[in-house]
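Colleague: This is start14.txt, which holds compact mmCIF, N, CA and C atoms:
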# COMPACT_ATOMS: atom_id res chain seq x y z
N MET A 40 111.17 38.47 -96.53
CA MET A 40 110.07 38.88 -97.38
C MET A 40 108.85 38.01 -97.02
N PHE A 41 107.70 38.63 -96.88
CA PHE A 41 106.45 37.93 -96.59
C PHE A 41 105.62 37.92 -97.87
N LYS A 42 105.24 36.71 -98.33
CA LYS A 42 104.58 36.57 -99.63
C LYS A 42 103.22 35.90 -99.47
N ILE A 43 102.25 36.45 -100.21
CA ILE A 43 100.89 35.93 -100.21
C ILE A 43 100.49 35.63 -101.65
N MET A 44 99.81 34.51 -101.85
CA MET A 44 99.29 34.17 -103.17
C MET A 44 97.79 33.94 -103.07
N THR A 45 97.06 34.48 -104.02
CA THR A 45 95.63 34.20 -104.13
C THR A 45 95.40 33.48 -105.44
N LEU A 46 94.80 32.30 -105.36
CA LEU A 46 94.44 31.52 -106.53
C LEU A 46 93.00 31.84 -106.86
N MET A 47 92.74 32.14 -108.14
CA MET A 47 91.41 32.61 -108.53
C MET A 47 90.89 31.88 -109.76
N LYS A 48 89.58 31.79 -109.84
CA LYS A 48 88.88 31.15 -110.96
C LYS A 48 88.03 32.21 -111.64
N ARG A 49 88.06 32.20 -112.96
CA ARG A 49 87.24 33.17 -113.69
C ARG A 49 85.76 32.83 -113.55
N LYS A 50 84.96 33.83 -113.70
CA LYS A 50 83.51 33.71 -113.63
C LYS A 50 83.03 32.86 -114.82
N PRO A 51 82.05 31.98 -114.62
CA PRO A 51 81.53 31.19 -115.76
C PRO A 51 81.10 32.11 -116.90
N GLY A 52 81.46 31.72 -118.11
CA GLY A 52 81.15 32.52 -119.29
C GLY A 52 82.22 33.54 -119.64
N THR A 53 83.26 33.64 -118.81
CA THR A 53 84.36 34.56 -119.07
C THR A 53 85.52 33.78 -119.68
N SER A 54 85.97 34.20 -120.85
CA SER A 54 87.10 33.53 -121.50
C SER A 54 88.41 33.93 -120.81
N MET A 55 89.46 33.16 -121.06
CA MET A 55 90.77 33.53 -120.52
C MET A 55 91.20 34.89 -121.05
N ALA A 56 90.95 35.15 -122.33
CA ALA A 56 91.32 36.45 -122.90
C ALA A 56 90.58 37.58 -122.19
N GLN A 57 89.31 37.38 -121.88
CA GLN A 57 88.53 38.40 -121.17
C GLN A 57 89.05 38.57 -119.74
N LEU A 58 89.38 37.45 -119.08
CA LEU A 58 89.94 37.51 -117.73
C LEU A 58 91.21 38.34 -117.72
N ILE A 59 92.14 38.01 -118.60
CA ILE A 59 93.42 38.72 -118.65
C ILE A 59 93.21 40.20 -118.98
N ASP A 60 92.36 40.48 -119.96
CA ASP A 60 92.11 41.87 -120.35
C ASP A 60 91.55 42.67 -119.18
N HIS A 61 90.54 42.12 -118.50
CA HIS A 61 89.93 42.85 -117.39
C HIS A 61 90.92 43.02 -116.24
N TYR A 62 91.61 41.93 -115.90
CA TYR A 62 92.54 42.01 -114.77
C TYR A 62 93.65 43.02 -115.05
N GLU A 63 94.26 42.92 -116.21
CA GLU A 63 95.41 43.78 -116.51
C GLU A 63 95.03 45.23 -116.79
N ASN A 64 93.87 45.48 -117.39
CA ASN A 64 93.51 46.83 -117.81
C ASN A 64 92.56 47.55 -116.87
N LYS A 65 91.90 46.81 -115.97
CA LYS A 65 90.96 47.46 -115.06
C LYS A 65 91.30 47.15 -113.60
N HIS A 66 91.34 45.86 -113.24
CA HIS A 66 91.48 45.50 -111.84
C HIS A 66 92.85 45.89 -111.27
N ALA A 67 93.92 45.60 -111.97
CA ALA A 67 95.25 45.98 -111.50
C ALA A 67 95.36 47.50 -111.38
N ALA A 68 94.77 48.22 -112.33
CA ALA A 68 94.79 49.69 -112.28
C ALA A 68 93.99 50.20 -111.07
N LEU A 69 92.88 49.54 -110.75
CA LEU A 69 92.11 49.90 -109.56
C LEU A 69 92.96 49.72 -108.31
N GLY A 70 93.68 48.60 -108.25
CA GLY A 70 94.57 48.37 -107.11
C GLY A 70 95.62 49.46 -106.99
N VAL A 71 96.25 49.81 -108.08
CA VAL A 71 97.30 50.85 -108.06
C VAL A 71 96.70 52.18 -107.60
N LYS A 72 95.51 52.50 -108.08
CA LYS A 72 94.85 53.75 -107.68
C LYS A 72 94.59 53.77 -106.18
N ILE A 73 94.02 52.68 -105.65
CA ILE A 73 93.71 52.62 -104.22
C ILE A 73 94.99 52.62 -103.39
N TRP A 74 96.00 51.86 -103.84
CA TRP A 74 97.25 51.81 -103.09
C TRP A 74 97.93 53.18 -103.06
N THR A 75 97.82 53.92 -104.15
CA THR A 75 98.39 55.27 -104.20
C THR A 75 97.67 56.17 -103.20
N GLU A 76 96.34 56.05 -103.15
CA GLU A 76 95.55 56.88 -102.24
C GLU A 76 95.82 56.53 -100.77
N THR A 77 95.99 55.24 -100.46
CA THR A 77 96.22 54.84 -99.06
C THR A 77 97.68 54.99 -98.66
N GLY A 78 98.58 55.06 -99.65
CA GLY A 78 100.00 55.17 -99.35
C GLY A 78 100.63 53.86 -98.91
N LYS A 79 99.92 52.75 -99.10
CA LYS A 79 100.44 51.44 -98.69
C LYS A 79 100.45 50.52 -99.90
N CYS A 80 101.65 50.16 -100.35
CA CYS A 80 101.80 49.32 -101.53
C CYS A 80 102.59 48.07 -101.20
N PRO A 81 102.35 46.99 -101.94
CA PRO A 81 103.22 45.82 -101.79
C PRO A 81 104.57 46.13 -102.41
N VAL A 82 105.57 45.31 -102.08
CA VAL A 82 106.89 45.45 -102.67
C VAL A 82 106.86 44.97 -104.12
N ARG A 83 106.13 43.86 -104.38
CA ARG A 83 105.97 43.30 -105.73
C ARG A 83 104.53 42.86 -105.90
N TYR A 84 104.05 42.89 -107.15
CA TYR A 84 102.67 42.51 -107.47
C TYR A 84 102.70 41.76 -108.79
N PHE A 85 102.41 40.44 -108.75
CA PHE A 85 102.45 39.59 -109.94
C PHE A 85 101.08 39.00 -110.21
N ARG A 86 100.80 38.74 -111.48
CA ARG A 86 99.68 37.89 -111.88
C ARG A 86 100.28 36.83 -112.79
N ARG A 87 99.92 35.57 -112.52
CA ARG A 87 100.44 34.45 -113.30
C ARG A 87 99.22 33.68 -113.83
N TYR A 88 99.03 33.74 -115.13
CA TYR A 88 97.86 33.11 -115.75
C TYR A 88 98.21 31.69 -116.16
N PHE A 89 97.30 30.76 -115.90
CA PHE A 89 97.55 29.35 -116.15
C PHE A 89 97.04 28.93 -117.52
N SER A 90 97.81 28.07 -118.16
CA SER A 90 97.44 27.48 -119.43
C SER A 90 97.82 26.01 -119.37
N PRO A 91 96.88 25.10 -119.60
CA PRO A 91 97.21 23.68 -119.50
C PRO A 91 98.22 23.26 -120.56
N MET A 92 99.07 22.31 -120.20
CA MET A 92 100.03 21.78 -121.16
C MET A 92 100.32 20.33 -120.83
N VAL A 93 100.90 19.66 -121.81
CA VAL A 93 101.29 18.27 -121.61
C VAL A 93 102.80 18.19 -121.75
N PHE A 94 103.38 17.06 -121.38
CA PHE A 94 104.82 16.89 -121.54
C PHE A 94 105.19 17.12 -123.00
N GLY A 95 106.30 17.75 -123.21
CA GLY A 95 106.72 18.11 -124.56
C GLY A 95 106.41 19.56 -124.85
N GLY A 96 105.67 20.22 -123.95
CA GLY A 96 105.41 21.65 -124.09
C GLY A 96 104.21 22.03 -124.93
N ALA A 97 103.47 21.06 -125.47
CA ALA A 97 102.33 21.40 -126.31
C ALA A 97 101.16 21.86 -125.45
N SER A 98 100.60 23.00 -125.78
CA SER A 98 99.43 23.50 -125.08
C SER A 98 98.20 22.80 -125.65
N VAL A 99 97.34 22.33 -124.77
CA VAL A 99 96.15 21.59 -125.22
C VAL A 99 94.89 22.07 -124.49
N PRO A 100 94.59 23.37 -124.55
CA PRO A 100 93.45 23.88 -123.78
C PRO A 100 92.12 23.22 -124.15
N ASP A 101 91.95 22.78 -125.38
CA ASP A 101 90.68 22.17 -125.78
C ASP A 101 90.55 20.73 -125.31
N LYS A 102 91.65 20.08 -124.96
CA LYS A 102 91.63 18.68 -124.53
C LYS A 102 91.86 18.52 -123.03
N ALA A 103 92.27 19.57 -122.36
CA ALA A 103 92.59 19.49 -120.94
C ALA A 103 91.33 19.56 -120.09
N PRO A 104 91.33 18.91 -118.94
CA PRO A 104 90.19 19.05 -118.03
C PRO A 104 90.13 20.47 -117.48
N GLU A 105 88.98 20.86 -117.01
CA GLU A 105 88.81 22.19 -116.42
C GLU A 105 89.74 22.32 -115.22
N MET A 106 90.49 23.40 -115.18
CA MET A 106 91.42 23.62 -114.08
C MET A 106 90.68 24.31 -112.93
N PRO A 107 91.08 24.03 -111.68
CA PRO A 107 90.39 24.65 -110.54
C PRO A 107 90.68 26.14 -110.41
N PHE A 108 91.79 26.61 -110.98
CA PHE A 108 92.15 28.02 -110.92
C PHE A 108 92.69 28.46 -112.27
N ASP A 109 92.53 29.76 -112.56
CA ASP A 109 93.01 30.32 -113.82
C ASP A 109 94.16 31.31 -113.66
N VAL A 110 94.29 31.86 -112.46
CA VAL A 110 95.32 32.87 -112.24
C VAL A 110 95.78 32.80 -110.79
N ALA A 111 97.06 33.07 -110.61
CA ALA A 111 97.62 33.22 -109.27
C ALA A 111 98.12 34.66 -109.16
N MET A 112 97.64 35.33 -108.14
CA MET A 112 98.08 36.70 -107.88
C MET A 112 99.01 36.64 -106.67
N GLU A 113 100.17 37.25 -106.79
CA GLU A 113 101.16 37.19 -105.73
C GLU A 113 101.52 38.60 -105.27
N LEU A 114 101.52 38.79 -103.96
CA LEU A 114 101.91 40.06 -103.35
C LEU A 114 103.08 39.80 -102.40
N TRP A 115 104.10 40.64 -102.48
CA TRP A 115 105.25 40.53 -101.59
C TRP A 115 105.27 41.76 -100.69
N PHE A 116 105.59 41.52 -99.41
CA PHE A 116 105.69 42.59 -98.42
C PHE A 116 106.99 42.45 -97.65
N ASP A 117 107.43 43.54 -97.03
CA ASP A 117 108.63 43.48 -96.20
C ASP A 117 108.38 42.67 -94.93
N SER A 118 107.12 42.63 -94.46
CA SER A 118 106.81 41.91 -93.23
C SER A 118 105.34 41.52 -93.19
N ARG A 119 105.00 40.60 -92.30
CA ARG A 119 103.60 40.22 -92.10
C ARG A 119 102.79 41.44 -91.64
N GLU A 120 103.40 42.24 -90.79
CA GLU A 120 102.71 43.44 -90.29
C GLU A 120 102.38 44.40 -91.44
N ASP A 121 103.29 44.55 -92.39
CA ASP A 121 103.02 45.40 -93.55
C ASP A 121 101.84 44.85 -94.35
N SER A 122 101.77 43.52 -94.50
CA SER A 122 100.66 42.93 -95.25
C SER A 122 99.34 43.15 -94.51
N GLU A 123 99.35 43.04 -93.20
CA GLU A 123 98.12 43.24 -92.42
C GLU A 123 97.62 44.67 -92.55
N GLU A 124 98.53 45.64 -92.50
CA GLU A 124 98.15 47.04 -92.67
C GLU A 124 97.64 47.28 -94.10
N PHE A 125 98.29 46.69 -95.07
CA PHE A 125 97.89 46.80 -96.48
C PHE A 125 96.44 46.30 -96.65
N PHE A 126 96.15 45.13 -96.12
CA PHE A 126 94.80 44.56 -96.26
C PHE A 126 93.77 45.32 -95.43
N ARG A 127 94.18 45.85 -94.29
CA ARG A 127 93.26 46.65 -93.48
C ARG A 127 92.83 47.90 -94.26
N LEU A 128 93.79 48.60 -94.84
CA LEU A 128 93.47 49.80 -95.62
C LEU A 128 92.73 49.47 -96.91
N GLY A 129 93.13 48.36 -97.54
CA GLY A 129 92.50 47.97 -98.80
C GLY A 129 91.07 47.49 -98.65
N SER A 130 90.72 46.99 -97.47
CA SER A 130 89.36 46.48 -97.27
C SER A 130 88.45 47.50 -96.60
N ALA A 131 89.03 48.60 -96.09
CA ALA A 131 88.21 49.66 -95.49
C ALA A 131 87.33 50.28 -96.58
N GLU A 132 86.15 50.71 -96.19
CA GLU A 132 85.25 51.32 -97.17
C GLU A 132 85.76 52.70 -97.57
N PRO A 133 85.62 53.06 -98.84
CA PRO A 133 84.90 52.34 -99.89
C PRO A 133 85.76 51.35 -100.67
N ASN A 134 87.05 51.21 -100.31
CA ASN A 134 87.97 50.38 -101.09
C ASN A 134 87.52 48.93 -101.20
N GLY A 135 87.10 48.33 -100.09
CA GLY A 135 86.66 46.94 -100.11
C GLY A 135 85.49 46.73 -101.06
N GLU A 136 84.54 47.67 -101.04
CA GLU A 136 83.38 47.57 -101.94
C GLU A 136 83.80 47.70 -103.39
N LEU A 137 84.74 48.59 -103.68
CA LEU A 137 85.21 48.78 -105.06
C LEU A 137 85.90 47.52 -105.58
N PHE A 138 86.78 46.92 -104.76
CA PHE A 138 87.46 45.69 -105.17
C PHE A 138 86.45 44.57 -105.39
N ALA A 139 85.53 44.38 -104.45
CA ALA A 139 84.55 43.30 -104.55
C ALA A 139 83.66 43.47 -105.78
N ALA A 140 83.17 44.68 -106.01
CA ALA A 140 82.30 44.93 -107.17
C ALA A 140 83.04 44.64 -108.47
N ASP A 141 84.30 45.04 -108.55
CA ASP A 141 85.05 44.79 -109.77
C ASP A 141 85.33 43.30 -109.94
N GLU A 142 85.71 42.62 -108.87
CA GLU A 142 85.99 41.19 -108.96
C GLU A 142 84.76 40.38 -109.39
N MET A 143 83.58 40.81 -108.98
CA MET A 143 82.36 40.09 -109.35
C MET A 143 82.09 40.15 -110.85
N GLN A 144 82.72 41.10 -111.54
CA GLN A 144 82.53 41.20 -112.99
C GLN A 144 83.27 40.11 -113.76
N PHE A 145 84.36 39.56 -113.18
CA PHE A 145 85.17 38.62 -113.97
C PHE A 145 85.67 37.41 -113.19
N LEU A 146 85.49 37.39 -111.86
CA LEU A 146 85.97 36.27 -111.04
C LEU A 146 84.82 35.56 -110.33
N ASP A 147 84.99 34.27 -110.09
CA ASP A 147 84.10 33.51 -109.23
C ASP A 147 84.72 33.59 -107.84
N ARG A 148 84.34 34.60 -107.07
CA ARG A 148 84.98 34.90 -105.79
C ARG A 148 84.87 33.76 -104.78
N ASP A 149 83.82 32.95 -104.90
CA ASP A 149 83.64 31.81 -103.97
C ASP A 149 84.71 30.75 -104.16
N LYS A 150 85.39 30.76 -105.30
CA LYS A 150 86.41 29.75 -105.57
C LYS A 150 87.83 30.25 -105.35
N SER A 151 87.97 31.44 -104.78
CA SER A 151 89.31 31.98 -104.51
C SER A 151 89.91 31.35 -103.26
N LEU A 152 91.21 31.25 -103.25
CA LEU A 152 91.94 30.68 -102.12
C LEU A 152 93.19 31.51 -101.89
N MET A 153 93.35 32.06 -100.68
CA MET A 153 94.54 32.86 -100.35
C MET A 153 95.44 32.04 -99.42
N VAL A 154 96.73 32.04 -99.74
CA VAL A 154 97.70 31.29 -98.94
C VAL A 154 98.94 32.14 -98.69
N VAL A 155 99.62 31.82 -97.60
CA VAL A 155 100.93 32.40 -97.31
C VAL A 155 101.96 31.46 -97.92
N LEU A 156 102.94 32.00 -98.59
CA LEU A 156 103.97 31.19 -99.23
C LEU A 156 105.18 31.04 -98.31
N GLU A 157 105.62 29.82 -98.17
CA GLU A 157 106.85 29.53 -97.44
C GLU A 157 107.80 28.94 -98.47
N GLU A 158 108.86 29.67 -98.77
CA GLU A 158 109.76 29.30 -99.87
C GLU A 158 110.99 28.56 -99.41
N TYR A 159 111.37 27.60 -100.22
CA TYR A 159 112.64 26.91 -100.09
C TYR A 159 113.24 26.84 -101.48
N GLU A 160 114.50 27.10 -101.59
CA GLU A 160 115.15 27.08 -102.90
C GLU A 160 116.34 26.13 -102.87
N THR A 161 116.45 25.35 -103.90
CA THR A 161 117.57 24.43 -104.06
C THR A 161 118.64 25.11 -104.91
N ASP A 162 119.86 25.06 -104.46
CA ASP A 162 120.97 25.63 -105.21
C ASP A 162 121.24 24.76 -106.43
N LEU A 163 121.03 25.32 -107.60
CA LEU A 163 121.26 24.59 -108.85
C LEU A 163 122.45 25.12 -109.63
N SER A 164 123.31 25.83 -108.95
CA SER A 164 124.47 26.38 -109.65
C SER A 164 125.35 25.29 -110.28
N PHE A 165 125.27 24.08 -109.74
CA PHE A 165 126.05 22.97 -110.31
C PHE A 165 125.57 22.62 -111.72
N CYS A 166 124.38 23.03 -112.08
CA CYS A 166 123.83 22.73 -113.41
C CYS A 166 124.33 23.68 -114.49
N ARG A 167 124.89 24.80 -114.08
CA ARG A 167 125.35 25.80 -115.05
C ARG A 167 126.86 25.68 -115.24
N PRO A 168 127.29 25.71 -116.47
CA PRO A 168 128.75 25.66 -116.70
C PRO A 168 129.42 26.91 -116.17
N ASN A 169 130.66 26.76 -115.77
CA ASN A 169 131.41 27.90 -115.21
C ASN A 169 131.76 28.92 -116.24
Once more with this new file: its structure as structure tokens, please.
Modeller:
Amino acid sequence: MFKIMTLMKRKPGTSMAQLIDHYENKHAALGVKIWTETGKCPVRYFRRYFSPMVFGGASVPDKAPEMPFDVAMELWFDSREDSEEFFRLGSAEPNGELFAADEMQFLDRDKSLMVVLEEYETDLSFCRPN
């Protein structure tokens, strides 16, 4: 599985609630619409919204320093080649313009960072009772 993550920061003046609402109700739907039209979809599509916390699990958004990112978007593909074709079709006009215009409404695009994920997993089965 080939996995890509994009870390994103909300646009100044946009609350977390507004970010989540726009992403989940407009931007994700735009992606699904375009992916349906191009016939090229990721295997999985996640959004993970960040909330600051301290040890003990208490959320302290009013006391925490400003975080560099507010959401991580993750796309999974069967191969690197599938991801390249996906992004080629998704950035072709008019799709690229539609994504960019929508993102400018709620994201600070200059602060986005896209990375390829290389996963390693530790077997923790010893922690679970039989």
Colleague: Atom N of Asp117 in chain A and atom C of Glu76 in chain A, how far apart in Å?
Modeller: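 Value for the atom C of Glu76 in chain A-atom N of Asp117 in chain A distance: 17.8 Å.
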Colleague: What parts of chain A does DSSP call helix (DSSP H, G or I)? I'd like the answer as a ChimeraX atom specification.
Modeller: /A:55-77,119-130,134-145,148-150,164-166
Colleague: From the options A:Asn169, A:Leu46, A:Lys79, A:His61, which residue's atoms come nearest to Asp109 in chain A, counting only N, CA and C atoms?
Modeller: A:Leu46
Colleague: Measure the distance from CA of Lys50 in chain A to CA of Phe145 in chain A in Å and round it to one decimal.
Modeller: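 One can read the CA of Lys50 in chain A to CA of Phe145 in chain A distance as 5.2 Å.
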Colleague: Pick the closest to Asp141 in chain A from A:Asp162, A:His66, A:Trp74, A:Pro91: which is it, counting all atoms listed in the file?
Modeller: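 Using all atoms listed in the file, the shortest distance to Asp141 in chain A belongs to A:His66.
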Colleague: What parts of chain A does DSSP call strand (DSSP E)? I'd like the answer as an MDAnalysis selection string.
Modeller: chainID A and resid 41:47 83:88 110:116 152:156
Colleague: Residues at most 5 Å from range 152-155 of chain A, counting only N, CA and C atoms, excluding those fewer than 4 positions away in the same chain, as a list in words?
Modeller: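 Close residues of range 152-155 of chain A: Lys42, Ile43, Met44, Thr45 and Leu46 of chain A.
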Colleague: Next, the residues of the selection above should be written as a PDB file, in the coordinates of the input with N, CA and C atoms.
Modeller:
ATOM      1  N   LYS A  42     105.240  36.710 -98.330  1.00  0.00           N
ATOM      2  CA  LYS A  42     104.580  36.570 -99.630  1.00  0.00           C
ATOM      3  C   LYS A  42     103.220  35.900 -99.470  1.00  0.00           C
ATOM      4  N   ILE A  43     102.250  36.450-100.210  1.00  0.00           N
ATOM      5  CA  ILE A  43     100.890  35.930-100.210  1.00  0.00           C
ATOM      6  C   ILE A  43     100.490  35.630-101.650  1.00  0.00           C
ATOM      7  N   MET A  44      99.810  34.510-101.850  1.00  0.00           N
ATOM      8  CA  MET A  44      99.290  34.170-103.170  1.00  0.00           C
ATOM      9  C   MET A  44      97.790  33.940-103.070  1.00  0.00           C
ATOM     10  N   THR A  45      97.060  34.480-104.020  1.00  0.00           N
ATOM     11  CA  THR A  45      95.630  34.200-104.130  1.00  0.00           C
ATOM     12  C   THR A  45      95.400  33.480-105.440  1.00  0.00           C
ATOM     13  N   LEU A  46      94.800  32.300-105.360  1.00  0.00           N
ATOM     14  CA  LEU A  46      94.440  31.520-106.530  1.00  0.00           C
ATOM     15  C   LEU A  46      93.000  31.840-106.860  1.00  0.00           C
TER      16      LEU A  46
END
Colleague: Restricting the calculation to all atoms listed in the file: of A:Cys166, A:Met112, A:Ala56, A:Leu69, which residue gets closest to Phe85 in chain A?
Modeller: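 Counting all atoms listed in the file, the residue closest to Phe85 in chain A is A:Met112.
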Colleague: One decimal, Å: what's the distance from CA of Leu156 in chain A over to CA of Arg127 in chain A, could you say?
Modeller: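 Separation between CA of Leu156 in chain A and CA of Arg127 in chain A: 19.7 Å.
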Colleague: Tell me which of A:Arg83, A:Lys48, A:Ser164, A:Lys72 sits closest to Phe116 in chain A, counting all atoms listed in the file.
Modeller: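 Ranked by minimum distance to Phe116 in chain A, first place goes to A:Arg83.
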Colleague: From the set A:Ser118, A:Ser151, A:Pro133, A:Glu142, which residue has the shortest atom-to-atom contact distance to Met40 in chain A, counting only C-alpha atoms?
Modeller: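 Ranking A:Ser118, A:Ser151, A:Pro133, A:Glu142 by distance to Met40 in chain A, first place goes to A:Ser118.
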Colleague: For Phe89 in chain A, work out the shell of residues within 6.5 Å, counting only N, CA and C atoms and skipping chain neighbours fewer than 4 positions away, then give it as an NGL selection string.
Modeller: :A and (108-111)
Colleague: Under the rule that only N, CA and C atoms are counted, which of A:Glu132, A:Glu113, A:Glu158, A:Asp149 is the nearest residue to Arg87 in chain A?
Modeller: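 Going through A:Glu132, A:Glu113, A:Glu158, A:Asp149 one by one, the smallest distance to Arg87 in chain A is for A:Glu113.
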Colleague: How would range 43-51 of chain A read, as a compact mmCIF listing (two decimals), in the coordinates of the input, once all heavy atoms are built in?
Modeller:
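Result file selection.txt:
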# COMPACT_ATOMS: atom_id res chain seq x y z
N ILE A 43 102.25 36.45 -100.21
CA ILE A 43 100.89 35.93 -100.21
C ILE A 43 100.49 35.63 -101.65
O ILE A 43 100.81 36.41 -102.56
CB ILE A 43 99.91 36.95 -99.61
CG1 ILE A 43 100.22 37.15 -98.14
CG2 ILE A 43 98.47 36.52 -99.82
CD1 ILE A 43 99.44 38.26 -97.50
N MET A 44 99.81 34.51 -101.85
CA MET A 44 99.29 34.17 -103.17
C MET A 44 97.79 33.94 -103.07
O MET A 44 97.33 33.29 -102.13
CB MET A 44 99.97 32.91 -103.72
CG MET A 44 99.44 32.48 -105.09
SD MET A 44 100.27 30.99 -105.70
CE MET A 44 101.84 31.69 -106.19
N THR A 45 97.06 34.48 -104.02
CA THR A 45 95.63 34.20 -104.13
C THR A 45 95.40 33.48 -105.44
O THR A 45 95.80 33.97 -106.51
CB THR A 45 94.79 35.49 -104.08
OG1 THR A 45 95.09 36.19 -102.87
CG2 THR A 45 93.32 35.18 -104.13
N LEU A 46 94.80 32.30 -105.36
CA LEU A 46 94.44 31.52 -106.53
C LEU A 46 93.00 31.84 -106.86
O LEU A 46 92.14 31.84 -105.97
CB LEU A 46 94.62 30.03 -106.24
CG LEU A 46 96.05 29.62 -105.89
CD1 LEU A 46 96.07 28.26 -105.24
CD2 LEU A 46 96.92 29.66 -107.12
N MET A 47 92.74 32.14 -108.14
CA MET A 47 91.41 32.61 -108.53
C MET A 47 90.89 31.88 -109.76
O MET A 47 91.67 31.48 -110.62
CB MET A 47 91.44 34.12 -108.78
CG MET A 47 91.76 34.91 -107.53
SD MET A 47 92.08 36.65 -107.87
CE MET A 47 93.80 36.59 -108.30
N LYS A 48 89.58 31.79 -109.84
CA LYS A 48 88.88 31.15 -110.96
C LYS A 48 88.03 32.21 -111.64
O LYS A 48 87.35 33.00 -110.98
CB LYS A 48 87.99 30.01 -110.42
CG LYS A 48 87.23 29.27 -111.48
CD LYS A 48 88.18 28.40 -112.26
CE LYS A 48 87.43 27.63 -113.35
NZ LYS A 48 88.36 27.18 -114.38
N ARG A 49 88.06 32.20 -112.96
CA ARG A 49 87.24 33.17 -113.69
C ARG A 49 85.76 32.83 -113.55
O ARG A 49 85.37 31.69 -113.32
CB ARG A 49 87.66 33.23 -115.15
CG ARG A 49 87.49 31.97 -115.91
CD ARG A 49 88.25 32.04 -117.23
NE ARG A 49 88.83 30.75 -117.49
CZ ARG A 49 88.56 30.02 -118.55
NH1 ARG A 49 87.77 30.46 -119.50
NH2 ARG A 49 89.12 28.84 -118.70
N LYS A 50 84.96 33.83 -113.70
CA LYS A 50 83.51 33.71 -113.63
C LYS A 50 83.03 32.86 -114.82
O LYS A 50 83.56 33.00 -115.92
CB LYS A 50 82.92 35.12 -113.70
CG LYS A 50 81.45 35.23 -113.54
CD LYS A 50 81.10 36.71 -113.56
CE LYS A 50 79.61 36.90 -113.47
NZ LYS A 50 79.29 38.33 -113.43
N PRO A 51 82.05 31.98 -114.62
CA PRO A 51 81.53 31.19 -115.76
C PRO A 51 81.10 32.11 -116.90
O PRO A 51 80.51 33.17 -116.68
CB PRO A 51 80.32 30.46 -115.16
CG PRO A 51 80.62 30.37 -113.70
CD PRO A 51 81.36 31.64 -113.37
